[in-house]
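Trainee: File work.txt below, compact mmCIF, C-alpha atoms and all ligand atoms:
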```txt
# COMPACT_ATOMS: atom_id res chain seq x y z
CA LEU A 1 286.90 -33.55 -12.17
CA TRP A 2 283.95 -33.51 -14.48
CA VAL A 3 283.58 -31.28 -17.47
CA VAL A 4 280.06 -30.66 -18.60
CA ASP A 5 279.47 -30.84 -22.33
CA LYS A 6 279.10 -27.50 -23.93
CA ILE A 7 275.78 -26.02 -22.93
CA THR A 8 274.38 -24.09 -25.84
CA ASN A 9 270.68 -24.39 -25.32
CA LEU A 10 269.98 -23.42 -21.75
CA SER A 11 266.79 -24.28 -19.96
CA THR A 12 266.39 -23.14 -16.38
CA THR A 13 266.43 -26.71 -15.04
CA TYR A 14 269.57 -27.97 -16.70
CA PRO A 15 270.69 -31.06 -14.75
CA HIS A 16 274.38 -30.12 -14.79
CA ILE A 17 273.64 -26.77 -13.29
CA THR A 18 271.72 -28.48 -10.51
CA GLN A 19 274.69 -30.79 -9.94
CA ALA A 20 277.10 -27.84 -9.83
CA ALA A 21 274.81 -25.89 -7.49
CA HIS A 22 274.71 -28.92 -5.21
CA LEU A 23 278.53 -29.06 -5.14
CA LEU A 24 278.66 -25.35 -4.27
CA ARG A 25 276.30 -25.92 -1.36
CA GLU A 26 278.60 -28.74 -0.22
CA ASN A 27 281.43 -26.17 -0.12
CA GLU A 28 283.19 -27.51 -3.21
CA VAL A 29 284.64 -25.28 -5.98
CA VAL A 30 283.22 -25.27 -9.50
CA ALA A 31 284.21 -23.23 -12.58
CA PHE A 32 281.46 -21.61 -14.64
CA PRO A 33 281.20 -19.16 -17.54
CA THR A 34 280.32 -15.52 -17.05
CA GLU A 35 279.99 -12.90 -19.81
CA THR A 36 283.53 -11.65 -19.01
CA VAL A 37 285.75 -14.65 -18.17
CA TYR A 38 285.26 -18.04 -16.49
CA GLY A 39 284.93 -17.78 -12.71
CA LEU A 40 285.96 -20.24 -10.02
CA GLY A 41 282.96 -20.29 -7.71
CA ALA A 42 282.58 -21.18 -4.04
CA ASN A 43 280.10 -20.49 -1.26
CA ALA A 44 281.10 -16.99 -0.09
CA CYS A 45 279.74 -17.68 3.41
CA SER A 46 282.05 -20.61 4.08
CA ASP A 47 285.71 -20.31 5.13
CA GLU A 48 286.25 -23.91 4.07
CA ALA A 49 284.89 -23.28 0.57
CA VAL A 50 286.70 -19.97 0.03
CA ARG A 51 289.99 -21.44 1.21
CA LYS A 52 289.69 -23.97 -1.63
CA ILE A 53 289.61 -21.14 -4.18
CA TYR A 54 292.87 -19.64 -2.93
CA GLN A 55 294.46 -23.10 -2.83
CA ALA A 56 293.38 -24.16 -6.31
CA LYS A 57 294.55 -20.89 -7.91
CA GLY A 58 297.67 -20.42 -5.81
CA ARG A 59 296.30 -16.95 -5.09
CA PRO A 60 297.88 -14.68 -2.44
CA SER A 61 295.51 -14.51 0.54
CA ASP A 62 295.59 -10.69 0.69
CA ASN A 63 293.80 -10.41 -2.67
CA PRO A 64 290.03 -10.22 -2.05
CA LEU A 65 287.38 -11.97 -4.17
CA ILE A 66 284.31 -10.63 -5.94
CA VAL A 67 280.95 -11.84 -4.62
CA HIS A 68 278.42 -12.77 -7.31
CA ILE A 69 274.67 -12.49 -6.79
CA ALA A 70 271.76 -13.29 -9.10
CA SER A 71 269.27 -10.74 -7.79
CA VAL A 72 269.58 -7.11 -6.70
CA ASN A 73 267.45 -8.03 -3.66
CA LYS A 74 270.41 -9.92 -2.21
CA LEU A 75 272.60 -6.81 -2.26
CA ASP A 76 271.66 -5.32 1.09
CA GLU A 77 272.16 -8.63 2.85
CA ILE A 78 275.91 -8.17 2.37
CA VAL A 79 276.65 -4.44 1.92
CA LYS A 80 275.50 -1.14 3.48
CA ASP A 81 275.60 2.63 2.87
CA ILE A 82 274.90 2.22 -0.84
CA PRO A 83 275.11 5.69 -2.46
CA ASP A 84 272.40 6.84 -4.88
CA TYR A 85 274.83 6.86 -7.79
CA ALA A 86 275.49 3.15 -7.19
CA TYR A 87 271.78 2.41 -7.61
CA LYS A 88 271.80 4.35 -10.87
CA LEU A 89 274.67 2.20 -12.11
CA ILE A 90 272.94 -0.98 -10.99
CA ASN A 91 269.82 0.00 -12.91
CA GLU A 92 271.83 0.66 -16.02
CA PHE A 93 274.55 -2.01 -16.00
CA TRP A 94 273.36 -5.00 -13.95
CA PRO A 95 273.33 -7.76 -14.83
CA GLY A 96 276.67 -7.07 -16.54
CA PRO A 97 280.44 -6.57 -16.27
CA LEU A 98 280.50 -4.03 -13.43
CA THR A 99 281.75 -4.77 -9.89
CA LEU A 100 280.87 -2.30 -7.15
CA ILE A 101 283.06 -1.96 -4.05
CA LEU A 102 280.84 -1.14 -1.07
CA PRO A 103 281.10 -1.21 2.74
CA LYS A 104 280.63 -4.74 4.05
CA LYS A 105 277.58 -5.40 6.22
CA GLY A 106 277.41 -7.92 9.07
CA ASP A 107 279.48 -11.07 9.24
CA ARG A 108 277.67 -13.41 6.88
CA LEU A 109 280.51 -13.49 4.36
CA SER A 110 283.69 -15.38 5.11
CA THR A 111 286.42 -12.91 6.13
CA LEU A 112 288.67 -14.71 3.61
CA VAL A 113 286.51 -13.29 0.77
CA THR A 114 287.33 -9.71 1.70
CA ALA A 115 290.90 -10.52 2.78
CA GLY A 116 290.15 -8.67 6.00
CA LEU A 117 288.98 -5.44 4.27
CA GLU A 118 285.90 -3.52 5.45
CA THR A 119 284.63 -3.35 1.87
CA VAL A 120 283.44 -6.02 -0.53
CA GLY A 121 283.19 -6.19 -4.32
CA VAL A 122 279.80 -7.34 -5.63
CA ARG A 123 278.55 -8.01 -9.10
CA MET A 124 275.60 -9.57 -10.87
CA PRO A 125 276.81 -11.34 -14.03
CA SER A 126 274.62 -11.47 -17.12
CA HIS A 127 275.58 -14.92 -18.40
CA PRO A 128 272.50 -17.17 -18.21
CA ILE A 129 274.49 -20.15 -16.88
CA ALA A 130 276.07 -18.01 -14.14
CA LEU A 131 272.70 -16.59 -13.16
CA SER A 132 270.98 -20.01 -13.02
CA LEU A 133 273.84 -21.50 -11.04
CA ILE A 134 273.90 -18.73 -8.42
CA ARG A 135 270.13 -18.81 -8.14
CA GLU A 136 270.07 -22.59 -7.63
CA ALA A 137 272.96 -22.56 -5.16
CA ASP A 138 271.01 -19.90 -3.25
CA VAL A 139 274.14 -18.53 -1.55
CA PRO A 140 276.37 -15.60 -2.58
CA ILE A 141 279.15 -17.00 -4.77
CA ALA A 142 282.74 -15.81 -4.42
CA ALA A 143 284.41 -16.14 -7.81
CA PRO A 144 287.78 -14.95 -9.04
CA SER A 145 288.81 -15.65 -12.61
CA ALA A 146 289.33 -19.43 -12.95
CA ASN A 147 292.99 -19.30 -13.98
CA GLN A 148 296.15 -20.24 -12.16
CA SER A 149 297.21 -17.07 -10.36
CA GLY A 150 299.35 -14.86 -12.63
CA LYS A 151 298.18 -16.44 -15.90
CA PRO A 152 295.78 -14.82 -18.41
CA SER A 153 292.14 -15.21 -17.35
CA PRO A 154 290.21 -18.06 -18.99
CA THR A 155 287.80 -17.25 -21.79
CA HIS A 156 287.23 -20.90 -22.83
CA ALA A 157 286.55 -23.96 -20.65
CA SER A 158 289.73 -25.52 -22.08
CA HIS A 159 291.77 -22.71 -20.45
CA VAL A 160 290.29 -23.61 -17.06
CA TYR A 161 290.96 -27.29 -17.68
CA HIS A 162 294.58 -26.52 -18.60
CA ASP A 163 295.22 -24.51 -15.42
CA LEU A 164 293.09 -26.24 -12.78
CA ASN A 165 292.54 -29.87 -13.80
CA GLY A 166 292.89 -32.01 -10.68
CA LYS A 167 292.43 -29.06 -8.33
CA ILE A 168 288.70 -28.33 -8.60
CA SER A 169 285.44 -30.30 -8.61
CA GLY A 170 284.08 -29.35 -12.01
CA ILE A 171 283.78 -27.03 -14.98
CA ILE A 172 280.59 -26.01 -16.75
CA ASP A 173 281.49 -25.41 -20.40
CA GLY A 174 279.45 -22.56 -21.85
CA GLY A 175 281.69 -21.93 -24.85
CA ALA A 176 283.63 -18.68 -25.35
CA THR A 177 282.72 -16.03 -22.78
CA GLY A 178 282.05 -12.93 -24.90
CA VAL A 179 283.39 -9.69 -23.38
CA GLY A 180 286.79 -11.32 -22.87
CA VAL A 181 288.22 -8.94 -20.24
CA GLU A 182 287.07 -8.90 -16.62
CA SER A 183 284.46 -6.65 -15.07
CA THR A 184 285.18 -3.01 -14.32
CA VAL A 185 285.89 -2.62 -10.59
CA LEU A 186 284.43 0.65 -9.28
CA ASP A 187 285.05 1.86 -5.74
CA CYS A 188 281.74 3.26 -4.43
CA SER A 189 282.88 3.52 -0.82
CA SER A 190 284.29 7.02 -1.37
CA THR A 191 282.57 10.26 -2.45
CA VAL A 192 284.03 10.27 -5.94
CA PRO A 193 283.47 6.93 -7.70
CA THR A 194 286.86 5.53 -8.68
CA ILE A 195 287.77 2.90 -11.25
CA LEU A 196 290.22 0.48 -9.63
CA ARG A 197 290.31 -1.87 -12.63
CA PRO A 198 289.15 -0.88 -16.13
CA GLY A 199 286.96 -3.58 -17.68
CA GLY A 200 283.87 -4.48 -19.65
CA VAL A 201 281.91 -1.33 -18.78
CA THR A 202 283.86 1.70 -19.98
CA LYS A 203 284.57 4.96 -18.14
CA GLU A 204 282.60 6.76 -20.85
CA GLN A 205 279.57 4.53 -20.22
CA LEU A 206 279.73 5.09 -16.44
CA GLU A 207 280.06 8.86 -16.89
CA SER A 208 277.07 8.99 -19.21
CA VAL A 209 274.96 7.78 -16.27
CA ILE A 210 276.49 9.42 -13.16
CA GLY A 211 278.83 12.17 -14.36
CA GLU A 212 282.47 12.35 -13.34
CA VAL A 213 284.28 9.12 -12.54
CA GLN A 214 287.98 9.04 -11.75
CA LEU A 215 290.70 6.49 -12.48
CA ASP A 216 292.68 5.26 -9.47
CA GLN A 217 295.98 7.21 -9.57
CA ALA A 218 297.89 3.93 -9.43
CA LEU A 219 296.47 3.07 -12.88
CA ILE A 220 298.01 6.25 -14.27
CA GLU A 221 301.27 6.69 -12.33
CA GLU A 222 303.75 3.88 -12.09
CA GLY A 223 304.98 2.94 -8.63
CA LEU A 224 301.91 3.98 -6.61
CA ALA A 225 300.23 1.37 -4.43
CA PRO A 226 296.93 0.39 -6.05
CA LYS A 227 293.72 0.46 -3.99
CA SER A 228 292.69 -2.81 -5.56
CA PRO A 229 295.02 -5.40 -4.05
CA GLY A 230 294.87 -7.57 -7.17
CA MET A 231 296.35 -4.87 -9.38
CA LYS A 232 299.76 -5.04 -7.72
CA TYR A 233 300.58 -8.57 -8.85
CA THR A 234 302.13 -9.71 -12.11
CA HIS A 235 299.22 -10.83 -14.16
CA TYR A 236 297.95 -12.01 -17.47
CA ALA A 237 301.45 -13.17 -18.35
CA PRO A 238 302.23 -15.87 -20.92
CA ASN A 239 305.47 -17.83 -20.45
CA ALA A 240 307.51 -15.63 -22.81
CA PRO A 241 308.14 -11.96 -21.96
CA VAL A 242 305.74 -9.51 -23.62
CA VAL A 243 306.87 -6.14 -24.97
CA LEU A 244 304.42 -3.51 -26.19
CA VAL A 245 305.42 -1.60 -29.29
CA ASN A 246 304.03 1.84 -29.90
CA GLY A 247 304.75 2.95 -33.44
CA ARG A 248 304.21 2.26 -37.14
CA LEU A 249 304.21 -1.28 -38.56
CA GLU A 250 307.60 -0.69 -40.24
CA PHE A 251 309.05 0.07 -36.84
CA LEU A 252 307.53 -3.09 -35.34
CA GLN A 253 308.94 -5.13 -38.24
CA LYS A 254 312.42 -3.69 -37.64
CA ILE A 255 312.29 -4.79 -34.00
CA ILE A 256 311.09 -8.26 -35.00
CA ASN A 257 313.94 -8.60 -37.51
CA LYS A 258 316.54 -7.53 -34.97
CA HIS A 259 315.42 -10.18 -32.49
CA GLN A 260 315.14 -12.90 -35.10
CA LYS A 261 318.71 -12.14 -36.21
CA GLU A 262 319.77 -12.73 -32.61
CA GLY A 263 318.30 -16.23 -33.01
CA LYS A 264 315.11 -15.66 -31.04
CA LYS A 265 311.75 -17.21 -31.88
CA VAL A 266 309.52 -14.16 -32.09
CA GLY A 267 305.76 -14.03 -31.59
CA VAL A 268 303.68 -11.04 -32.67
CA LEU A 269 300.26 -10.00 -31.43
CA THR A 270 298.65 -8.02 -34.21
CA THR A 271 295.19 -7.45 -35.68
CA GLU A 272 293.31 -8.70 -38.73
CA GLU A 273 293.96 -5.39 -40.48
CA ASN A 274 297.75 -5.78 -40.15
CA ILE A 275 298.45 -9.50 -40.14
CA ASN A 276 299.49 -9.68 -43.80
CA GLN A 277 302.02 -6.89 -43.39
CA LEU A 278 304.14 -8.51 -40.67
CA GLN A 279 306.59 -11.41 -40.79
CA ALA A 280 307.80 -13.29 -37.72
CA ASN A 281 308.01 -16.88 -36.44
CA LYS A 282 304.42 -16.69 -35.22
CA VAL A 283 302.07 -13.84 -36.04
CA ILE A 284 298.58 -14.00 -34.49
CA ALA A 285 295.70 -11.65 -35.18
CA CYS A 286 293.77 -10.61 -32.08
CA GLY A 287 290.49 -9.23 -33.37
CA ARG A 288 290.03 -6.11 -35.46
CA ARG A 289 291.42 -2.68 -34.65
CA ALA A 290 288.27 -1.14 -36.08
CA ASN A 291 286.27 -2.83 -33.30
CA LEU A 292 288.17 -3.00 -30.02
CA GLN A 293 285.54 -5.28 -28.50
CA THR A 294 286.75 -8.03 -30.83
CA VAL A 295 290.32 -7.45 -29.56
CA ALA A 296 289.15 -7.76 -25.93
CA ALA A 297 287.20 -10.93 -26.74
CA GLU A 298 290.26 -12.73 -28.13
CA LEU A 299 293.05 -11.22 -26.04
CA TYR A 300 293.56 -13.93 -23.40
CA ASP A 301 293.15 -16.79 -25.86
CA VAL A 302 295.82 -15.23 -28.09
CA LEU A 303 298.21 -14.69 -25.15
CA ARG A 304 297.76 -18.36 -24.22
CA LYS A 305 298.39 -19.47 -27.83
CA PHE A 306 301.92 -18.08 -27.66
CA ASP A 307 302.61 -20.56 -24.84
CA ASP A 308 301.75 -23.43 -27.20
CA GLU A 309 304.13 -21.99 -29.81
CA GLU A 310 306.97 -21.76 -27.28
CA VAL A 311 308.17 -18.40 -28.59
CA ASP A 312 311.06 -16.63 -26.80
CA ILE A 313 309.55 -13.15 -26.87
CA ILE A 314 306.22 -11.59 -27.84
CA PHE A 315 305.85 -8.14 -29.39
CA SER A 316 302.38 -6.65 -29.23
CA GLU A 317 300.77 -3.78 -31.05
CA SER A 318 299.44 -0.97 -28.82
CA PHE A 319 295.81 0.12 -28.80
CA PRO A 320 294.09 3.47 -28.22
CA GLN A 321 293.05 3.88 -24.57
CA ILE A 322 289.46 4.74 -25.32
CA GLY A 323 286.38 2.67 -24.55
CA VAL A 324 287.32 -0.95 -23.88
CA GLY A 325 290.82 -0.03 -25.17
CA GLU A 326 291.52 1.19 -21.61
CA ALA A 327 291.04 -2.37 -20.27
CA ILE A 328 292.96 -3.95 -23.18
CA MET A 329 295.99 -1.70 -22.61
CA ASN A 330 295.79 -2.19 -18.83
CA ARG A 331 296.04 -5.97 -19.29
CA LEU A 332 298.72 -5.79 -21.99
CA LEU A 333 300.84 -3.43 -19.88
CA LYS A 334 300.55 -5.84 -16.96
CA ALA A 335 301.41 -8.81 -19.16
CA ALA A 336 304.41 -6.79 -20.35
CA GLY A 337 305.44 -5.72 -16.85
CA ASN A 338 305.20 -2.17 -18.29
CA GLN A 339 307.86 -2.80 -20.96
CA VAL A 340 307.03 -0.49 -23.86
CA ILE A 341 309.16 0.41 -26.87
CA GLU A 342 308.24 3.81 -28.33
CA GLU A 343 309.09 4.57 -31.94
CA TYR A 344 312.05 6.91 -32.10
O1 LIG B 401 284.78 -10.29 -14.55
C1 LIG B 401 285.14 -10.54 -13.39
O2 LIG B 401 285.16 -9.68 -12.49
C2 LIG B 401 285.59 -11.99 -13.09
C3 LIG B 401 284.35 -12.88 -13.22
C4 LIG B 401 284.64 -14.31 -12.82
O3 LIG B 401 283.28 -12.35 -12.50
N1 LIG B 401 286.16 -12.06 -11.78
C5 LIG B 401 287.38 -11.54 -11.50
O4 LIG B 401 287.82 -11.76 -10.20
O5 LIG B 401 288.06 -10.96 -12.31
P1 LIG B 401 289.33 -11.61 -9.77
O6 LIG B 401 289.37 -12.15 -8.38
O7 LIG B 401 290.22 -12.23 -10.76
O8 LIG B 401 289.57 -10.07 -9.68
C6 LIG B 401 288.95 -9.30 -8.65
C7 LIG B 401 289.60 -7.93 -8.56
C8 LIG B 401 290.99 -8.01 -7.97
O9 LIG B 401 291.82 -7.07 -8.63
C9 LIG B 401 290.73 -7.62 -6.51
O10 LIG B 401 291.87 -7.09 -5.88
C10 LIG B 401 289.62 -6.60 -6.65
O11 LIG B 401 288.81 -7.12 -7.69
N2 LIG B 401 288.83 -6.49 -5.42
C11 LIG B 401 287.99 -7.41 -4.88
N3 LIG B 401 287.47 -6.96 -3.72
C12 LIG B 401 287.98 -5.72 -3.51
C13 LIG B 401 287.83 -4.72 -2.48
N4 LIG B 401 287.05 -4.92 -1.42
N5 LIG B 401 288.52 -3.57 -2.63
C14 LIG B 401 289.32 -3.36 -3.70
N6 LIG B 401 289.49 -4.25 -4.70
C15 LIG B 401 288.84 -5.41 -4.61
MG MG B 402 291.88 -12.65 -11.90
```
Will you turn the file into structure tokens for me?
Mentor:
Amino acid sequence: LWVVDKITNLSTTYPHITQAAHLLRENEVVAFPTETVYGLGANACSDEAVRKIYQAKGRPSDNPLIVHIASVNKLDEIVKDIPDYAYKLINEFWPGPLTLILPKKGDRLSTLVTAGLETVGVRMPSHPIALSLIREADVPIAAPSANQSGKPSPTHASHVYHDLNGKISGIIDGGATGVGVESTVLDCSSTVPTILRPGGVTKEQLESVIGEVQLDQALIEEGLAPKSPGMKYTHYAPNAPVVLVNGRLEFLQKIINKHQKEGKKVGVLTTEENINQLQANKVIACGRRANLQTVAAELYDVLRKFDDEEVDIIFSESFPQIGVGEAIMNRLLKAAGNQVIEEY
């Protein structure tokens, strides 16, 4: 495995990108930064290449992958029946953290990418390294998040290295990713556009361009089968159990104290505003409440830090489900397996 030195000053003919693009064309798997999280890329047209993604991640084979393109022109080589509203969204949000689910066209893509579905998720990332790499590889690139299946997605190259060292051909280090949570997955194969996974582009932003957008019922009601296969698995989970706490800081502190008295090593996910008001074995600030984008940007790194601290249990503050808060709470609830303590 090679790890490319941090690329900070990108020129379009960066030699490491050429090397990575070459590996992709040889049907090898390479991790690269996107504006959301690091992706594990492979040639989406090759069964051999795509199989390597599932193997490296230990990903269940019924969970389809997102196909990444570097130009809107490539879109109608792989999907069909694109509704007008989808074009409006593309104009507004591509390149960027929005994945569109559309009916698959032809048989160019490996059937392993779509896990046998008739639809495919496509996105055009905005990270300059991702764009150069896809352009140079000159094939559509299937790329899930570059973490071991079930773990928090990687937002630093070191996270990828930790999870996948020895299992993949290379990592391009582009520093911290930025948005921090994955792309919004929007089903455009039905009449009403439906968010299957909240992410970097918010519901409010989508609605400002195309009017009403709905949330998949499974995101709202517990126990319903999600339309996005990936949403049914345990996810984003650090080693210790996570419990969300919804209440005042005094209430959170009481819960911490109770567990520490029982002899547990307690971790707390809080924010810069509150960090000085809480005492536990390990208290970590995850961004600022006043700017939820900073919380999203640090979320996965903070969840991974609790693994290093070997805490027994992690209590997390709750966040308002507005804007990117929807994605933050979706990931925290998954990490917590829906365990929430409400203040009584
Ligand atoms: O930000 C992102 O989207 C990152 C970066 C690397 O681009 N990628 C990512 O991929 O998060 P992954 O594989 O970790 O998540 C893809 C999600 C899964 O929940 C999957 O089930 C869903 O998209 N998905 C993919 N194709 C689908 C389809 N045809 N229908 C419904 N859901 C689909
Ligand atoms: Mg993932």
Trainee: Could you list, as a count of residues only, all residues that come within 6 Å of ligand LIG 401 (chain B)? Count all atoms listed in the file.
Mentor: 24
Trainee: To one decimal place, how far is atom CA of Leu206 of chain A from atom CA of Val72 of chain A in Å?
Mentor: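 We find that atom CA of Leu206 of chain A and atom CA of Val72 of chain A lie 18.6 Å from each other.
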Trainee: Under the rule that all atoms listed in the file are counted, which of A:Ser153, A:Ser189, A:Ser132, A:Thr99 is the nearest residue to ligand MG 402 (chain B)?
Mentor: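 Closest to ligand MG 402 (chain B) of all the choices is A:Ser153.
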Trainee: Give the answer as one residue: which of A:Ser149, A:Asn246, A:Gly41, A:Glu212 has the shortest atom-to-atom distance to ligand MG 402 (chain B), using all atoms listed in the file?
Mentor: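 Between A:Ser149, A:Asn246, A:Gly41, A:Glu212, the residue approaching ligand MG 402 (chain B) most closely is A:Ser149.
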Trainee: Which of these, A:Asn330, A:Pro152, A:Tyr87, A:Glu77, has the shortest distance to ligand MG 402 (chain B) once you count all atoms listed in the file?
Mentor: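 Under the stated criterion, the closest residue is A:Pro152.
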Trainee: If we count only C-alpha atoms, what is near segment 22-28 of chain A at a cut-off of 9 Å, once residues fewer than 6 positions away on the same chain are taken out, given as a list in words?
Mentor: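 Result of the neighbour search: Gly41, Ala42, Asn43, Ser46, Asp47, Glu48, Ala49, Val50, Lys52, Glu136, Ala137, Asp138, Val139, Ile141, Ile168, Ser169 and Gly170 of chain A.
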Trainee: Using all atoms listed in the file, which protein or nucleic acid residues come within 9 Å of Val245 of chain A? Drop anything in the same chain fewer than 3 positions from it, and give the result as a list in words.
Mentor: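 These residues fall inside the cut-off: Arg248, Phe251, Leu252, Ile255, Phe315, Ser316, Glu317, Ser318, Gln339, Val340, Ile341, Glu342 and Glu343 of chain A.
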Trainee: From the set A:Met124, A:Val181, A:Ile69, A:Ala218, which residue has the shortest atom-to-atom contact distance to Thr294 of chain A, counting only C-alpha atoms?
Mentor: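 Among the listed residues, the smallest separation from Thr294 of chain A belongs to A:Val181.
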Trainee: Pick from A:Gln205, A:Thr177, A:Asn91, A:Ser61: nearest to His156 of chain A, with only C-alpha atoms counted?
Mentor: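 Of A:Gln205, A:Thr177, A:Asn91, A:Ser61, the one nearest His156 of chain A is A:Thr177, counting only C-alpha atoms.
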Trainee: So that I can see what lies close to Arg135 of chain A, please list as a PyMOL selection string the residues with an atom at most 10 Å from it, counting only C-alpha atoms and leaving out residues fewer than 5 positions away in the same chain.
Mentor: chain A and resi 21+69-71+129-130+140-141
Trainee: Could you tell me, as a list in words, which residues have any atom at most 10 Å from (290.0, 10.3, -13.8), counting only C-alpha atoms?
Mentor: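 With a cut-off of 10 Å, the residues come to Val192, Pro193, Thr194, Ile195, Lys203, Glu212, Val213, Gln214, Leu215, Asp216, Gln217, Leu219 and Ile220 of chain A.
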Trainee: Would you mind telling me which residue in A:His159, A:Lys264, A:Lys151, A:Arg108 lies nearest to ligand MG 402 (chain B) when using all atoms listed in the file?
Mentor: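 Of the candidates, the smallest distance to ligand MG 402 (chain B) is held by A:Lys151.
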Trainee: Could you state the separation of atom CA of Asp173 of chain A and atom CA of Phe306 of chain A in Å, given to one decimal place?
Mentor: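 Pair atom CA of Asp173 of chain A / atom CA of Phe306 of chain A returns 22.9 Å.
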Trainee: Would you pick out the contacts of Val302 of chain A at 9 Å or less, using all atoms listed in the file, so that residues sharing its chain but fewer than 6 positions from it are not included, and give the list as a short mmCIF file (atom, residue, chain, number, x, y, z; two decimals) with C-alpha atoms, keeping the file's coordinate frame?
Mentor:
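Result file is selection.cif:
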```
data_model
loop_
_atom_site.label_atom_id
_atom_site.label_comp_id
_atom_site.auth_asym_id
_atom_site.auth_seq_id
_atom_site.Cartn_x
_atom_site.Cartn_y
_atom_site.Cartn_z
CA LEU A 269 300.26 -10.00 -31.43
CA ILE A 284 298.58 -14.00 -34.49
CA ALA A 285 295.70 -11.65 -35.18
CA CYS A 286 293.77 -10.61 -32.08
#
```
